[in-house]
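Shown here: model25.csv, CSV, C-alpha atoms and all ligand atoms.
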```csv
chain,number,residue,atom,x,y,z
A,205,MET,CA,-9.1,14.9,-9.2
A,206,LYS,CA,-12.8,14.5,-8.4
A,207,ASN,CA,-14.1,11.5,-6.5
A,208,ALA,CA,-10.6,10.1,-6.4
A,209,ALA,CA,-8.1,9.2,-3.7
A,210,LEU,CA,-4.4,8.4,-3.8
A,211,PHE,CA,-3.7,5.4,-1.5
A,212,ILE,CA,-0.1,4.9,-0.4
A,213,VAL,CA,0.5,1.3,0.7
A,214,ASP,CA,3.2,0.6,3.4
A,215,VAL,CA,5.9,3.0,2.4
A,216,GLN,CA,7.8,2.3,5.7
A,217,ASN,CA,11.4,2.1,6.6
A,218,ASP,CA,11.5,-1.7,7.1
A,219,PHE,CA,10.4,-2.1,3.5
A,220,LEU,CA,13.1,0.1,2.1
A,221,PRO,CA,16.7,-0.9,1.3
A,222,GLY,CA,18.4,-1.4,4.7
A,223,GLY,CA,15.2,-2.3,6.4
A,224,ALA,CA,14.2,-5.6,8.1
A,225,LEU,CA,12.1,-6.7,5.0
A,226,ALA,CA,13.6,-4.6,2.3
A,227,VAL,CA,11.8,-4.6,-1.1
A,228,PRO,CA,14.4,-4.4,-3.8
A,229,ARG,CA,14.5,-0.8,-5.2
A,230,GLY,CA,11.6,0.0,-2.8
A,231,ASP,CA,13.0,3.5,-2.4
A,232,GLU,CA,12.3,4.3,-6.0
A,233,VAL,CA,8.6,4.7,-5.3
A,234,ILE,CA,9.1,7.7,-3.1
A,235,ALA,CA,9.8,10.4,-5.7
A,236,PRO,CA,6.9,9.5,-8.0
A,237,ILE,CA,4.5,9.2,-4.9
A,238,ASN,CA,5.6,12.7,-3.8
A,239,ARG,CA,4.9,14.0,-7.3
A,240,LEU,CA,1.5,12.3,-7.5
A,241,GLN,CA,0.2,13.7,-4.3
A,242,GLU,CA,-0.4,17.2,-5.6
A,243,LYS,CA,-3.0,15.8,-8.1
A,244,PHE,CA,-5.3,14.5,-5.4
A,245,GLU,CA,-7.4,16.2,-2.9
A,246,LEU,CA,-7.5,13.1,-0.8
A,247,VAL,CA,-4.3,11.3,0.1
A,248,LEU,CA,-4.4,8.3,2.3
A,249,ALA,CA,-1.9,5.7,3.5
A,250,SER,CA,-1.6,2.3,5.2
A,251,LYS,CA,0.9,1.0,7.6
A,252,ASP,CA,1.9,-2.5,8.5
A,253,TRP,CA,1.5,-2.2,12.3
A,254,HIS,CA,2.4,-5.4,13.9
A,255,PRO,CA,2.7,-6.4,17.5
A,256,ALA,CA,6.2,-7.7,18.6
A,257,THR,CA,4.9,-11.3,18.6
A,258,THR,CA,2.6,-12.5,15.8
A,259,LYS,CA,2.0,-15.6,13.7
A,260,HIS,CA,2.8,-13.3,10.7
A,261,PHE,CA,6.5,-13.5,11.7
A,262,GLU,CA,6.5,-17.2,11.2
A,263,LYS,CA,6.2,-16.3,7.5
A,264,TRP,CA,8.3,-13.2,7.4
A,265,PRO,CA,11.3,-11.7,9.3
A,266,PRO,CA,10.0,-9.4,12.0
A,267,HIS,CA,9.2,-6.0,10.5
A,268,CYS,CA,7.1,-2.9,11.1
A,269,ILE,CA,6.6,-3.5,14.8
A,270,ARG,CA,4.3,-0.7,15.9
A,271,GLY,CA,6.1,2.3,17.4
A,272,THR,CA,9.5,1.3,16.1
A,273,TYR,CA,11.7,3.2,13.5
A,274,GLY,CA,11.0,0.4,11.0
A,275,ALA,CA,7.3,1.2,11.1
A,276,LYS,CA,7.8,4.9,10.4
A,277,PHE,CA,7.4,6.6,7.1
A,278,PRO,CA,10.8,7.5,5.6
A,279,GLU,CA,11.9,11.1,6.0
A,280,SER,CA,11.9,11.5,2.2
A,281,LEU,CA,8.2,10.7,1.8
A,282,ASN,CA,6.0,13.8,1.9
A,283,ILE,CA,3.5,13.1,4.5
A,284,SER,CA,2.0,16.6,4.8
A,285,SER,CA,-1.0,15.7,2.6
A,286,ILE,CA,-1.8,12.3,4.1
A,287,GLN,CA,-5.1,12.7,5.8
A,288,LYS,CA,-5.5,9.3,7.4
A,289,VAL,CA,-3.3,6.3,8.0
A,290,PHE,CA,-4.9,2.9,8.1
A,291,LEU,CA,-3.2,0.5,10.4
A,292,LYS,CA,-3.3,-3.2,9.5
A,293,GLY,CA,-1.8,-6.5,10.7
A,294,THR,CA,-2.4,-5.3,14.2
A,295,GLY,CA,-3.5,-8.6,15.7
A,296,VAL,CA,-1.5,-11.6,16.8
A,297,SER,CA,-2.5,-13.8,13.9
A,298,ASP,CA,-3.6,-11.6,11.0
A,299,ASP,CA,-1.3,-10.9,8.0
A,300,GLY,CA,-3.0,-7.6,7.2
A,301,TYR,CA,-2.0,-7.6,3.5
A,302,SER,CA,-5.0,-5.6,2.4
A,303,ALA,CA,-5.6,-2.1,3.8
A,304,PHE,CA,-9.3,-3.0,3.9
A,305,GLU,CA,-8.3,-5.1,6.9
A,306,ALA,CA,-7.2,-2.0,8.9
A,307,THR,CA,-8.4,-2.1,12.4
A,308,ASN,CA,-8.3,1.6,13.4
A,309,ASP,CA,-10.9,2.6,10.9
A,310,ASP,CA,-13.0,1.0,8.1
A,311,LEU,CA,-11.4,1.9,4.8
A,312,GLU,CA,-14.4,1.0,2.7
A,313,SER,CA,-16.9,3.2,4.6
A,314,TYR,CA,-14.3,5.9,5.0
A,315,LEU,CA,-14.1,6.2,1.1
A,316,LYS,CA,-17.8,5.7,0.4
A,317,ILE,CA,-18.8,8.4,3.0
A,318,ARG,CA,-16.6,10.8,1.1
A,319,GLY,CA,-17.9,9.9,-2.3
A,320,ILE,CA,-14.7,8.4,-3.5
A,321,SER,CA,-15.2,6.1,-6.5
A,322,LYS,CA,-11.7,5.9,-7.9
A,323,LEU,CA,-8.7,4.6,-6.0
A,324,TYR,CA,-5.1,5.1,-7.2
A,325,VAL,CA,-2.9,2.6,-5.4
A,326,VAL,CA,0.9,3.0,-5.1
A,327,GLY,CA,3.5,1.8,-2.7
A,328,LEU,CA,4.9,-1.5,-1.5
A,329,ALA,CA,4.9,-4.3,-2.3
A,330,THR,CA,3.4,-5.1,-5.6
A,331,ASP,CA,3.1,-8.8,-5.0
A,332,TYR,CA,1.6,-8.6,-1.5
A,333,CYS,CA,0.0,-5.6,0.1
A,334,VAL,CA,-0.5,-3.6,-3.1
A,335,LEU,CA,-2.0,-6.7,-4.8
A,336,ALA,CA,-4.3,-7.5,-1.9
A,337,THR,CA,-5.4,-3.8,-1.4
A,338,ALA,CA,-6.1,-3.2,-5.1
A,339,VAL,CA,-8.0,-6.5,-5.7
A,340,LYS,CA,-10.1,-5.9,-2.5
A,341,ALA,CA,-10.9,-2.4,-3.6
A,342,ALA,CA,-12.1,-3.6,-7.0
A,343,GLU,CA,-14.2,-6.3,-5.2
A,344,ASN,CA,-15.7,-3.5,-3.1
A,345,GLY,CA,-16.8,-1.7,-6.3
A,346,PHE,CA,-14.2,1.0,-6.7
A,347,GLU,CA,-12.6,1.9,-10.0
A,348,VAL,CA,-9.0,0.9,-9.2
A,349,TYR,CA,-5.7,2.0,-10.8
A,350,VAL,CA,-2.3,0.8,-9.9
A,351,VAL,CA,0.5,3.2,-11.0
A,352,LYS,CA,3.3,0.9,-12.1
A,353,ASP,CA,6.1,3.4,-11.8
A,354,ALA,CA,5.2,3.9,-8.1
A,355,VAL,CA,5.1,0.3,-6.9
A,356,ARG,CA,7.9,-2.3,-6.4
A,357,ALA,CA,7.8,-6.0,-5.8
A,358,VAL,CA,9.5,-8.4,-3.4
A,359,ASN,CA,9.8,-11.2,-6.1
A,360,LEU,CA,10.5,-14.0,-3.7
A,361,GLN,CA,10.0,-16.2,-6.7
A,362,PRO,CA,11.1,-14.8,-10.1
A,363,GLY,CA,8.0,-13.6,-12.0
A,364,ASP,CA,5.9,-12.8,-8.9
A,365,GLU,CA,5.6,-9.2,-10.0
A,366,ASP,CA,4.2,-10.2,-13.4
A,367,LYS,CA,1.8,-12.6,-11.8
A,368,ALA,CA,0.6,-9.9,-9.4
A,369,PHE,CA,-0.1,-7.5,-12.3
A,370,GLU,CA,-1.9,-10.3,-14.1
A,371,LYS,CA,-4.1,-11.1,-11.1
A,372,MET,CA,-4.9,-7.4,-10.7
A,373,LYS,CA,-6.0,-7.2,-14.3
A,374,GLN,CA,-8.1,-10.3,-14.0
A,375,ASN,CA,-9.9,-8.6,-11.1
A,376,GLY,CA,-10.6,-5.4,-13.1
A,377,VAL,CA,-7.7,-3.3,-11.8
A,378,GLN,CA,-6.1,-1.1,-14.4
A,379,ILE,CA,-2.3,-0.8,-14.5
A,380,ILE,CA,-1.2,2.6,-15.6
A,381,SER,CA,1.9,4.8,-15.9
A,382,LEU,CA,2.7,7.9,-14.0
A,383,GLU,CA,1.9,10.0,-17.1
A,384,GLU,CA,-1.6,8.4,-17.4
A,385,VAL,CA,-2.7,9.6,-13.9
A,401,ZN,ZN,3.7,-7.5,7.6
```
Turn the structure described in the file into structure tokens.
Ligand SMILES: [Zn+2]
Amino acid sequence: MKNAALFIVDVQNDFLPGGALAVPRGDEVIAPINRLQEKFELVLASKDWHPATTKHFEKWPPHCIRGTYGAKFPESLNISSIQKVFLKGTGVSDDGYSAFEATNDDLESYLKIRGISKLYVVGLATDYCVLATAVKAAENGFEVYVVKDAVRAVNLQPGDEDKAFEKMKQNGVQIISLEEV
């Protein structure tokens, strides 16, 4: 697809069933994400990449501590096409919900330099990092699509998933199905 990139948010062991901060049915995103990758010339990903001690862990159980198993991509995710991984939440106080907060590279300029105008966002979790990344991408002027079959929500409160989709739409993000990509 021309001028488009697939962006895989935080598909990491700790967010999958059995992980430190498991997203219910989070593993269900992997098969569709593997399928989607072949449609894109540019595939990018983000990782939650926290230090062992951070204010972020006052809100959440410790997860995705850099260098640990929990921070790794799962074996079942095809990572051969991922050209760059953006690391976020790397400081001792930042949440790093949005991939645009990555500290190892600037995502906005990375995309603009390469002429990317459309961003297809997939991964975990719908109501936190997918939401923050998609909304920020729209604010930054990208045409943004979230593929609903390839995202899953935490749903700390019932309805958080629906609220997240609503907030995305209000910000100009389009919610589409796998078949519509
Ligand atoms: Zn985190």
Could you give me the residues within 8 Å of ligand ZN 401 (chain A), counting only C-alpha atoms and all ligand atoms, as a JSON list (two decimals) with C-alpha atoms, in the coordinates of the input?
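Okay, this is what ended up in selection28.json:
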```
[["chain", "number", "residue", "atom", "x", "y", "z"],
["A", 252, "ASP", "CA", 1.90, -2.50, 8.50],
["A", 253, "TRP", "CA", 1.50, -2.20, 12.30],
["A", 254, "HIS", "CA", 2.40, -5.40, 13.90],
["A", 260, "HIS", "CA", 2.80, -13.30, 10.70],
["A", 261, "PHE", "CA", 6.50, -13.50, 11.70],
["A", 264, "TRP", "CA", 8.30, -13.20, 7.40],
["A", 266, "PRO", "CA", 10.00, -9.40, 12.00],
["A", 267, "HIS", "CA", 9.20, -6.00, 10.50],
["A", 268, "CYS", "CA", 7.10, -2.90, 11.10],
["A", 293, "GLY", "CA", -1.80, -6.50, 10.70],
["A", 299, "ASP", "CA", -1.30, -10.90, 8.00],
["A", 300, "GLY", "CA", -3.00, -7.60, 7.20],
["A", 301, "TYR", "CA", -2.00, -7.60, 3.50]]
```
With all atoms listed in the file counted and 12 Å as the cut-off, give the residues of region 261-312 of chain A in contact with region 319-337 of chain A, each with its shortest interatomic distance in Å and the pair that gives it, as a tab-separated table.
```
residue	atom	partner	partner_atom	distance
A:Phe277	CA	A:Gly327	CA	11.6
A:Leu281	CA	A:Gly327	CA	11.0
A:Phe290	CA	A:Thr337	CA	11.6
A:Lys292	CA	A:Cys333	CA	10.2
A:Gly293	CA	A:Cys333	CA	10.8
A:Asp299	CA	A:Cys333	CA	9.6
A:Gly300	CA	A:Cys333	CA	8.0
A:Tyr301	CA	A:Cys333	CA	4.4
A:Ser302	CA	A:Thr337	CA	4.2
A:Ala303	CA	A:Thr337	CA	5.5
A:Phe304	CA	A:Thr337	CA	6.6
A:Glu305	CA	A:Thr337	CA	8.9
A:Ala306	CA	A:Thr337	CA	10.6
A:Leu311	CA	A:Thr337	CA	10.3
A:Glu312	CA	A:Ile320	CA	9.7
```
Would you tabulate, counting only C-alpha atoms, all residues of region 336-384 of chain A that have an atom at most 9 Å from an atom of region 235-245 of chain A, showing the closest pair of atoms and their distance in Å to one decimal, sorted by chain then ascending number, as JSON lines?
```
{"residue": "A:Asp353", "atom": "CA", "partner": "A:Pro236", "partner_atom": "CA", "distance": 7.2}
{"residue": "A:Ala354", "atom": "CA", "partner": "A:Pro236", "partner_atom": "CA", "distance": 5.9}
{"residue": "A:Leu382", "atom": "CA", "partner": "A:Pro236", "partner_atom": "CA", "distance": 7.5}
```
CA of Ser381 (chain A) to CA of Val233 (chain A), distance in Å rounded to a single decimal: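 Between these atoms lies a distance of 12.5 Å.
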Length of the CA of Phe211 (chain A) to CA of Ile317 (chain A) vector [Å]: 16.0 Å
Point-to-point distance from CA of Lys340 (chain A) to CA of Ile380 (chain A), Å rounded to tenths: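 Between CA of Lys340 (chain A) and CA of Ile380 (chain A) the gap works out to 18.0 Å.
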For Leu360 (chain A): contacts at 10 Å, only C-alpha atoms, fewer than 4 positions along chain excluded, given as a list in words: Val227, Asp331, Asp364 and Glu365 of chain A
Take the residues from that selection and put them in a file with C-alpha atoms, as an mmCIF file, keeping the file's coordinate frame.
```cif
data_model
loop_
_atom_site.group_PDB
_atom_site.id
_atom_site.type_symbol
_atom_site.label_atom_id
_atom_site.label_comp_id
_atom_site.auth_asym_id
_atom_site.auth_seq_id
_atom_site.Cartn_x
_atom_site.Cartn_y
_atom_site.Cartn_z
ATOM 1 C CA VAL A 227 11.800 -4.600 -1.100
ATOM 2 C CA ASP A 331 3.100 -8.800 -5.000
ATOM 3 C CA ASP A 364 5.900 -12.800 -8.900
ATOM 4 C CA GLU A 365 5.600 -9.200 -10.000
#
```
Since the input is missing atoms, can you rebuild N, CA and C atoms for region 356-374 of chain A and write them as a CSV table (one decimal), in the coordinates of the input?
```
chain,number,residue,atom,x,y,z
A,356,ARG,N,6.8,-1.4,-6.2
A,356,ARG,CA,7.9,-2.3,-6.4
A,356,ARG,C,7.6,-3.6,-5.8
A,357,ALA,N,8.1,-4.7,-6.3
A,357,ALA,CA,7.8,-6.0,-5.8
A,357,ALA,C,8.9,-6.7,-5.0
A,358,VAL,N,8.5,-7.6,-4.2
A,358,VAL,CA,9.5,-8.4,-3.4
A,358,VAL,C,10.1,-9.5,-4.3
A,359,ASN,N,9.3,-10.1,-5.2
A,359,ASN,CA,9.8,-11.2,-6.1
A,359,ASN,C,10.5,-12.3,-5.4
A,360,LEU,N,9.9,-12.8,-4.3
A,360,LEU,CA,10.5,-14.0,-3.7
A,360,LEU,C,10.7,-15.1,-4.7
A,361,GLN,N,9.8,-15.3,-5.6
A,361,GLN,CA,10.0,-16.2,-6.7
A,361,GLN,C,10.1,-15.3,-8.0
A,362,PRO,N,11.0,-15.6,-8.9
A,362,PRO,CA,11.1,-14.8,-10.1
A,362,PRO,C,9.7,-14.8,-10.8
A,363,GLY,N,9.3,-13.7,-11.3
A,363,GLY,CA,8.0,-13.6,-12.0
A,363,GLY,C,6.8,-13.3,-11.1
A,364,ASP,N,7.0,-13.2,-9.8
A,364,ASP,CA,5.9,-12.8,-8.9
A,364,ASP,C,5.3,-11.5,-9.2
A,365,GLU,N,6.1,-10.6,-9.6
A,365,GLU,CA,5.6,-9.2,-10.0
A,365,GLU,C,4.6,-9.3,-11.2
A,366,ASP,N,5.1,-10.0,-12.2
A,366,ASP,CA,4.2,-10.2,-13.4
A,366,ASP,C,2.9,-10.9,-13.0
A,367,LYS,N,3.0,-11.9,-12.2
A,367,LYS,CA,1.8,-12.6,-11.8
A,367,LYS,C,0.9,-11.7,-11.0
A,368,ALA,N,1.4,-10.8,-10.2
A,368,ALA,CA,0.6,-9.9,-9.4
A,368,ALA,C,-0.1,-9.0,-10.3
A,369,PHE,N,0.6,-8.4,-11.3
A,369,PHE,CA,-0.1,-7.5,-12.3
A,369,PHE,C,-1.2,-8.2,-13.0
A,370,GLU,N,-0.9,-9.5,-13.4
A,370,GLU,CA,-1.9,-10.3,-14.1
A,370,GLU,C,-3.2,-10.5,-13.3
A,371,LYS,N,-2.9,-10.8,-12.0
A,371,LYS,CA,-4.1,-11.1,-11.1
A,371,LYS,C,-4.9,-9.8,-10.9
A,372,MET,N,-4.2,-8.7,-10.8
A,372,MET,CA,-4.9,-7.4,-10.7
A,372,MET,C,-5.8,-7.2,-11.9
A,373,LYS,N,-5.2,-7.4,-13.1
A,373,LYS,CA,-6.0,-7.2,-14.3
A,373,LYS,C,-7.2,-8.1,-14.4
A,374,GLN,N,-7.0,-9.3,-14.0
A,374,GLN,CA,-8.1,-10.3,-14.0
A,374,GLN,C,-9.3,-9.8,-13.1
```
